[in-house]
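**Student:** Got a structure for you, questions after.
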Amino acid sequence: MTTPSASMDSQVAGNLKSQIDAQGNKVRQLKTDKAEKEIIDAEVKTLLALKAEYKALTGEDVGGSGKKSKKDPSQKTAESQMDTLNISPAAEGEDIVDPWTVSTTSATGIDYDKLIVRFGSQSIDEALVDRFEKVTGKSAHRFLKRGIFFSHREMSKVLNLYEAGKPFYLYTGRGPSSGAMHVGHLVPFVFTKWLQETFDVPLVIQMTDDEKYLFKDLTVEQVRKMALDNVKDIIALGFDMEKTFIFCDFDYIGQCPEFYRLMVKIQKHCTFNQVKGIFGFDDSSSIGKIAFPAVQAAPSFSEAFPLIFNGKKNVQCLIPCAIDQDPYFRMTRDIAPRLKLEKPALLHSVFFPALQGATSKMSASDPNSSIFLTDTMKQIKTKINKYAFSGGRDTVEEHREKGGDCAVDVSYQYLKFFLDDEEKLKKIEKDYTSGELLTGHLKQELIEILQKIVGDIQERRKTVTDEVAQQFLKPRKLKYDY
Ligand code: TRP
């Protein structure tokens with residue numbers, strides 16, 4: 001080895017050493033702040049890589065932090081800290097669930113119990129549903145009783161606040177990637193509407209037109225148009241304008257400096273490493289994608305809506321969403337304490353199956369994979385009869401003898417979402433399982449229910465003019481005083 005390169009080496013080693021020190025400090029700080037474990041892990045990984053590089057170069061170990069990172073995360077038990085559990089990437093054969101991919105090979109769909117363990121959230125058990133009913137004095141929504149909303153983070157905190165007469169607000173959203181919404185898209189909105197009516201609280205709905213522009217092969221004009229169409233569909237579900245603010249990112253962020261300032265504060269407290277760990281971005285991801293999570297995080301804090309909350313920064317937020325959105329909010333909850341803000345609470349739903357069954361993906365580009373809000377009454381009937389995957393047997397005789405399988409029968413699964421009558425659903429389940437009822441009967445039942453739901457929305461949708469949409473979209477104070 002020649003002298004110049006040896007001195008180069010020692011310079012590189014010196015550089016590495018100071019990087020290792022800085023990285024060690026960062027890890028220590030994250031631990032002090034009780035950051036999410038996956039975020040600490042990502043930084044520890046970087047630290048270890050730097051140390052390995054140092055060792056390869058100099059043949060020596062560097063001392064210092066990083067070692068303690070092996071501490072068992074399960075030692076933390078407080079509910080507010082539970083999401084510090086690590087989310088390792090899905091192992092071979094495991095279900096994949098993130099904002100962009102939901103996939104499983106199991107006929108009964110995703111294993112949600114395993115997801116709760118992997119994501120470190122809490123299951124919505126009977127005790128929590130009872131508490132819901134006790135605190136609100138109302139019967140719990142069928143989605144809660146039937147495990148459709150099955151997981152949460154800190155819902156008890158929200159119920160405590162409500163009991164104490166303290167305020168909170170609801171935040172949900174939609175990425176407008178297609179003009180027509182299907183009945184599965186209704187799930188979070190139907191539930192959010194019920195929550196709003198039950199608790200009488202403000203609701204903000206984010207339309208992430210920017211997200212769809214960044215992540216899909218769509219133009220700005222296309223996503224803005226789809227966002228507006230979706231906004232009208234959402235309004236047609238019957239939201240109360242005095243209590244609900246809907247915003248499209250492309251418009252609102254320019255209208256509200258407070259939102260942008262908050263976004264940048266969030267960005268400052270989140271490294272590329274961290275979003276790589278959480279979202280699987282890599283060096284070839286556009287910087288727009290990398291920065292986007294801060295946009296979805298921002299509405300979790302009341303300072304993003306100065307007109308609604310009169311500038312108050314710490315009004316508790318509750319986010320109903322499908323479980324695939326959880327990565328955004330694990331990140332948000334991690335950053336919150338470092339910005340001295342409240343962590344948002346969450347309620348997670350399962351996914352809505354495609355007509356063809358829980359293993360196939362429902363896609364807005366395949367008109368036969370679901371029932372759309374734009375389908376005619378006749379199309380609803382034909383699609384269900386023709387495509388709804390049956391859990392029945394090959395012949396009537398065999399079906400009568402052995403019974404049907406509710407766990408895979410799509411008509412039954414859809415009824416679980418949309419048939420409100422608890423007794424009736426139980427009876428259908430019993431009689432289908434015993435073989436008394438055939439799939440055709442379940443399909444008939446479902447056709448009637450969906451025709452009614454979709455028909456009602458179509459009626460109301462006619463009254464949602466551009467003016468009505470603009471009223472919902474206008475940044476303004478709602479009927480609540482702060
Ligand atoms: N990313 C979500 C989607 O693609 C949209 C969204 C934004 C959202 N904010 C949210 C969903 C809050 C649930 C809760 O559909």
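So you can find residues: chains in the structure tokens are A, B, ... in the order shown, residues in each start at 1, and ligands are numbered from 1 in order.
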Report the closest atom pair, with its distance in Å rounded to one decimal, for each residue of chain A that has an atom no farther than 6 Å from ligand 1; count only C-alpha atoms and all ligand atoms, sort by chain and then rising residue number, and write it as CSV.
**Tutor:**
```
residue,atom,partner,partner_atom_place_in_ligand_line,distance
A:Thr172,CA,ligand 1,14 (C),3.6
A:Gly173,CA,ligand 1,8 (C),3.5
A:Arg174,CA,ligand 1,5 (C),3.7
A:Gly175,CA,ligand 1,4 (O),3.7
A:Gln206,CA,ligand 1,9 (N),5.2
A:Thr208,CA,ligand 1,7 (C),5.6
A:Gln296,CA,ligand 1,9 (N),5.1
A:Ile319,CA,ligand 1,14 (C),5.9
A:Cys321,CA,ligand 1,13 (C),4.3
```
**Student:** Would you mind exporting the chosen residues as a PDB file, in the first residue's frame, restricted to N, CA and C atoms?
**Tutor:**
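After the write, out_12.pdb holds the following:
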```pdb
ATOM      1  N   THR A 172     -60.012  11.476   8.353  1.00  0.00           N
ATOM      2  CA  THR A 172     -59.843  10.345   7.457  1.00  0.00           C
ATOM      3  C   THR A 172     -59.548  10.889   6.061  1.00  0.00           C
ATOM      4  N   GLY A 173     -59.446  10.016   5.078  1.00  0.00           N
ATOM      5  CA  GLY A 173     -59.083  10.524   3.762  1.00  0.00           C
ATOM      6  C   GLY A 173     -59.268   9.517   2.661  1.00  0.00           C
ATOM      7  N   ARG A 174     -58.980   9.997   1.466  1.00  0.00           N
ATOM      8  CA  ARG A 174     -59.057   9.096   0.313  1.00  0.00           C
ATOM      9  C   ARG A 174     -58.071   9.553  -0.753  1.00  0.00           C
ATOM     10  N   GLY A 175     -57.388   8.575  -1.335  1.00  0.00           N
ATOM     11  CA  GLY A 175     -56.511   8.873  -2.458  1.00  0.00           C
ATOM     12  C   GLY A 175     -57.311   8.693  -3.736  1.00  0.00           C
ATOM     13  N   GLN A 206     -59.152  14.319   4.056  1.00  0.00           N
ATOM     14  CA  GLN A 206     -58.073  14.702   3.146  1.00  0.00           C
ATOM     15  C   GLN A 206     -58.184  13.930   1.823  1.00  0.00           C
ATOM     16  N   THR A 208     -55.962  13.043  -1.130  1.00  0.00           N
ATOM     17  CA  THR A 208     -54.541  13.110  -1.479  1.00  0.00           C
ATOM     18  C   THR A 208     -54.344  13.004  -2.991  1.00  0.00           C
ATOM     19  N   GLN A 296     -49.538  13.447   4.579  1.00  0.00           N
ATOM     20  CA  GLN A 296     -50.628  12.673   5.189  1.00  0.00           C
ATOM     21  C   GLN A 296     -50.570  12.727   6.716  1.00  0.00           C
ATOM     22  N   ILE A 319     -58.219   8.757  14.046  1.00  0.00           N
ATOM     23  CA  ILE A 319     -58.175   8.449  12.616  1.00  0.00           C
ATOM     24  C   ILE A 319     -58.770   7.072  12.321  1.00  0.00           C
ATOM     25  N   CYS A 321     -59.255   4.309   9.621  1.00  0.00           N
ATOM     26  CA  CYS A 321     -58.666   4.024   8.311  1.00  0.00           C
ATOM     27  C   CYS A 321     -58.517   2.522   8.121  1.00  0.00           C
TER      28      CYS A 321
END
```
**Student:** Show me, as a tab-separated table, the residues of stretch 222-262 of chain A having an atom within 7 Å of stretch 444-467 of chain A, each with the closest atom pair and its distance in Å, using only C-alpha atoms.
**Tutor:**
```
residue	atom	partner	partner_atom	distance
A:Lys232	CA	A:Val464	CA	6.1
A:Asp233	CA	A:Arg461	CA	6.4
A:Ala236	CA	A:Arg461	CA	4.9
A:Leu237	CA	A:Ile457	CA	6.2
```
**Student:** Calculate how many Å separate atom CA of A:Tyr414 from atom CA of A:Ile246, rounding to one decimal.
**Tutor:** 27.8 Å
**Student:** For the atom pair atom CA of A:Phe272 and atom CA of A:Lys216, what is the interatomic distance in Å to one decimal place?
**Tutor:** 21.0 Å
**Student:** Which of stretch 340-376 of chain A counts as strand (DSSP E) under DSSP, as a ChimeraX atom specification please?
**Tutor:** /A:345-349
**Student:** Do you have the atom CA of A:Lys268-atom CA of A:Arg476 distance handy?
**Tutor:**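 Computing it gives 28.3 Å between the two atoms.
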**Student:** Show me a table, sorted first by chain and then by increasing residue number, of the residues of stretch 259-323 of chain A having an atom at most 10 Å from stretch 96-114 of chain A, each with its shortest atom pair and the distance in Å to one decimal, counting only C-alpha atoms and written as a Markdown table.
**Tutor:**
```
| residue | atom | partner | partner_atom | distance |
| --- | --- | --- | --- | --- |
| A:Ile278 | CA | A:Asp98 | CA | 9.1 |
| A:Phe279 | CA | A:Asp98 | CA | 7.4 |
| A:Gly280 | CA | A:Asp98 | CA | 9.3 |
| A:Ala322 | CA | A:Pro99 | CA | 9.4 |
| A:Ile323 | CA | A:Val97 | CA | 7.9 |
```
**Student:** Using only N, CA and C atoms, please write the residues we just selected to a file, as a JSON list (two decimals), in the first residue's frame.
**Tutor:**
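Heads up, here's the output in result16.json:
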```json
[["chain", "number", "residue", "atom", "x", "y", "z"],
["A", 278, "ILE", "N", -39.85, 2.42, 6.98],
["A", 278, "ILE", "CA", -41.29, 2.28, 7.15],
["A", 278, "ILE", "C", -41.98, 1.96, 5.82],
["A", 279, "PHE", "N", -41.59, 2.64, 4.75],
["A", 279, "PHE", "CA", -42.34, 2.53, 3.50],
["A", 279, "PHE", "C", -41.62, 1.75, 2.41],
["A", 280, "GLY", "N", -40.39, 1.37, 2.67],
["A", 280, "GLY", "CA", -39.65, 0.61, 1.67],
["A", 280, "GLY", "C", -39.17, 1.46, 0.48],
["A", 322, "ALA", "N", -58.27, 2.11, 6.89],
["A", 322, "ALA", "CA", -57.96, 0.70, 6.66],
["A", 322, "ALA", "C", -56.54, 0.45, 7.16],
["A", 323, "ILE", "N", -56.27, -0.77, 7.58],
["A", 323, "ILE", "CA", -54.99, -1.07, 8.24],
["A", 323, "ILE", "C", -53.78, -0.78, 7.36]]
```
**Student:** Might you pull out every residue within 12 Å of A:Asp229, with only C-alpha atoms counted and same-chain residues fewer than 4 positions away left off, and present them as a VMD selection string?
**Tutor:** chain A and resid 174 to 181 207 209 222 to 225 233 to 236 248 373 to 374 461 464 to 466 469 to 470
**Student:** Keeping C-alpha atoms, export the residues of the selection given above as an mmCIF file, in the first residue's frame.
**Tutor:**
```cif
data_model
loop_
_atom_site.group_PDB
_atom_site.id
_atom_site.type_symbol
_atom_site.label_atom_id
_atom_site.label_comp_id
_atom_site.auth_asym_id
_atom_site.auth_seq_id
_atom_site.Cartn_x
_atom_site.Cartn_y
_atom_site.Cartn_z
ATOM 1 C CA ARG A 174 -59.057 9.096 0.313
ATOM 2 C CA GLY A 175 -56.511 8.873 -2.458
ATOM 3 C CA PRO A 176 -58.429 9.672 -5.650
ATOM 4 C CA SER A 177 -57.023 7.129 -8.071
ATOM 5 C CA SER A 178 -60.236 6.489 -9.955
ATOM 6 C CA GLY A 179 -63.305 8.499 -10.794
ATOM 7 C CA ALA A 180 -65.760 5.848 -9.651
ATOM 8 C CA MET A 181 -65.759 4.681 -6.056
ATOM 9 C CA MET A 207 -58.114 14.029 -0.597
ATOM 10 C CA ASP A 209 -54.568 14.097 -5.135
ATOM 11 C CA GLN A 222 -56.516 13.767 -13.970
ATOM 12 C CA VAL A 223 -56.043 13.438 -10.216
ATOM 13 C CA ARG A 224 -57.642 16.816 -9.531
ATOM 14 C CA LYS A 225 -60.689 15.873 -11.573
ATOM 15 C CA ASP A 233 -69.528 10.850 -3.857
ATOM 16 C CA ILE A 234 -68.378 11.283 -0.282
ATOM 17 C CA ILE A 235 -70.743 14.208 0.280
ATOM 18 C CA ALA A 236 -73.547 12.035 -1.126
ATOM 19 C CA CYS A 248 -57.734 18.507 -1.656
ATOM 20 C CA LEU A 373 -71.517 3.647 -7.021
ATOM 21 C CA THR A 374 -72.192 4.275 -10.711
ATOM 22 C CA ARG A 461 -75.470 12.456 -5.584
ATOM 23 C CA VAL A 464 -74.446 17.475 -4.989
ATOM 24 C CA THR A 465 -73.686 20.287 -7.400
ATOM 25 C CA ASP A 466 -70.336 22.006 -7.908
ATOM 26 C CA ALA A 469 -68.885 20.640 -3.236
ATOM 27 C CA GLN A 470 -67.213 24.072 -3.077
#
```
**Student:** Name all residues at most 8 Å from stretch 121-134 of chain A (count only C-alpha atoms; drop same-chain ones fewer than 6 positions away) and give them as a PyMOL selection string.
**Tutor:** chain A and resi 82-83+113+140+144-145+147+149-153+156+159
**Student:** So, counting only C-alpha atoms, which residue among A:Gln274, A:Asn385, A:Asn25, A:Asn314 is closest to A:Pro344?
**Tutor:**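 Checking each candidate against A:Pro344, we get A:Asn314 as the closest.
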**Student:** May I have the residues within 6 Å of stretch 298-302 of chain A as an NGL selection string, using only C-alpha atoms and disregarding those fewer than 3 positions away in the same chain?
**Tutor:** :A and (263 or 295 or 305 or 313 or 315 or 317 or 344)
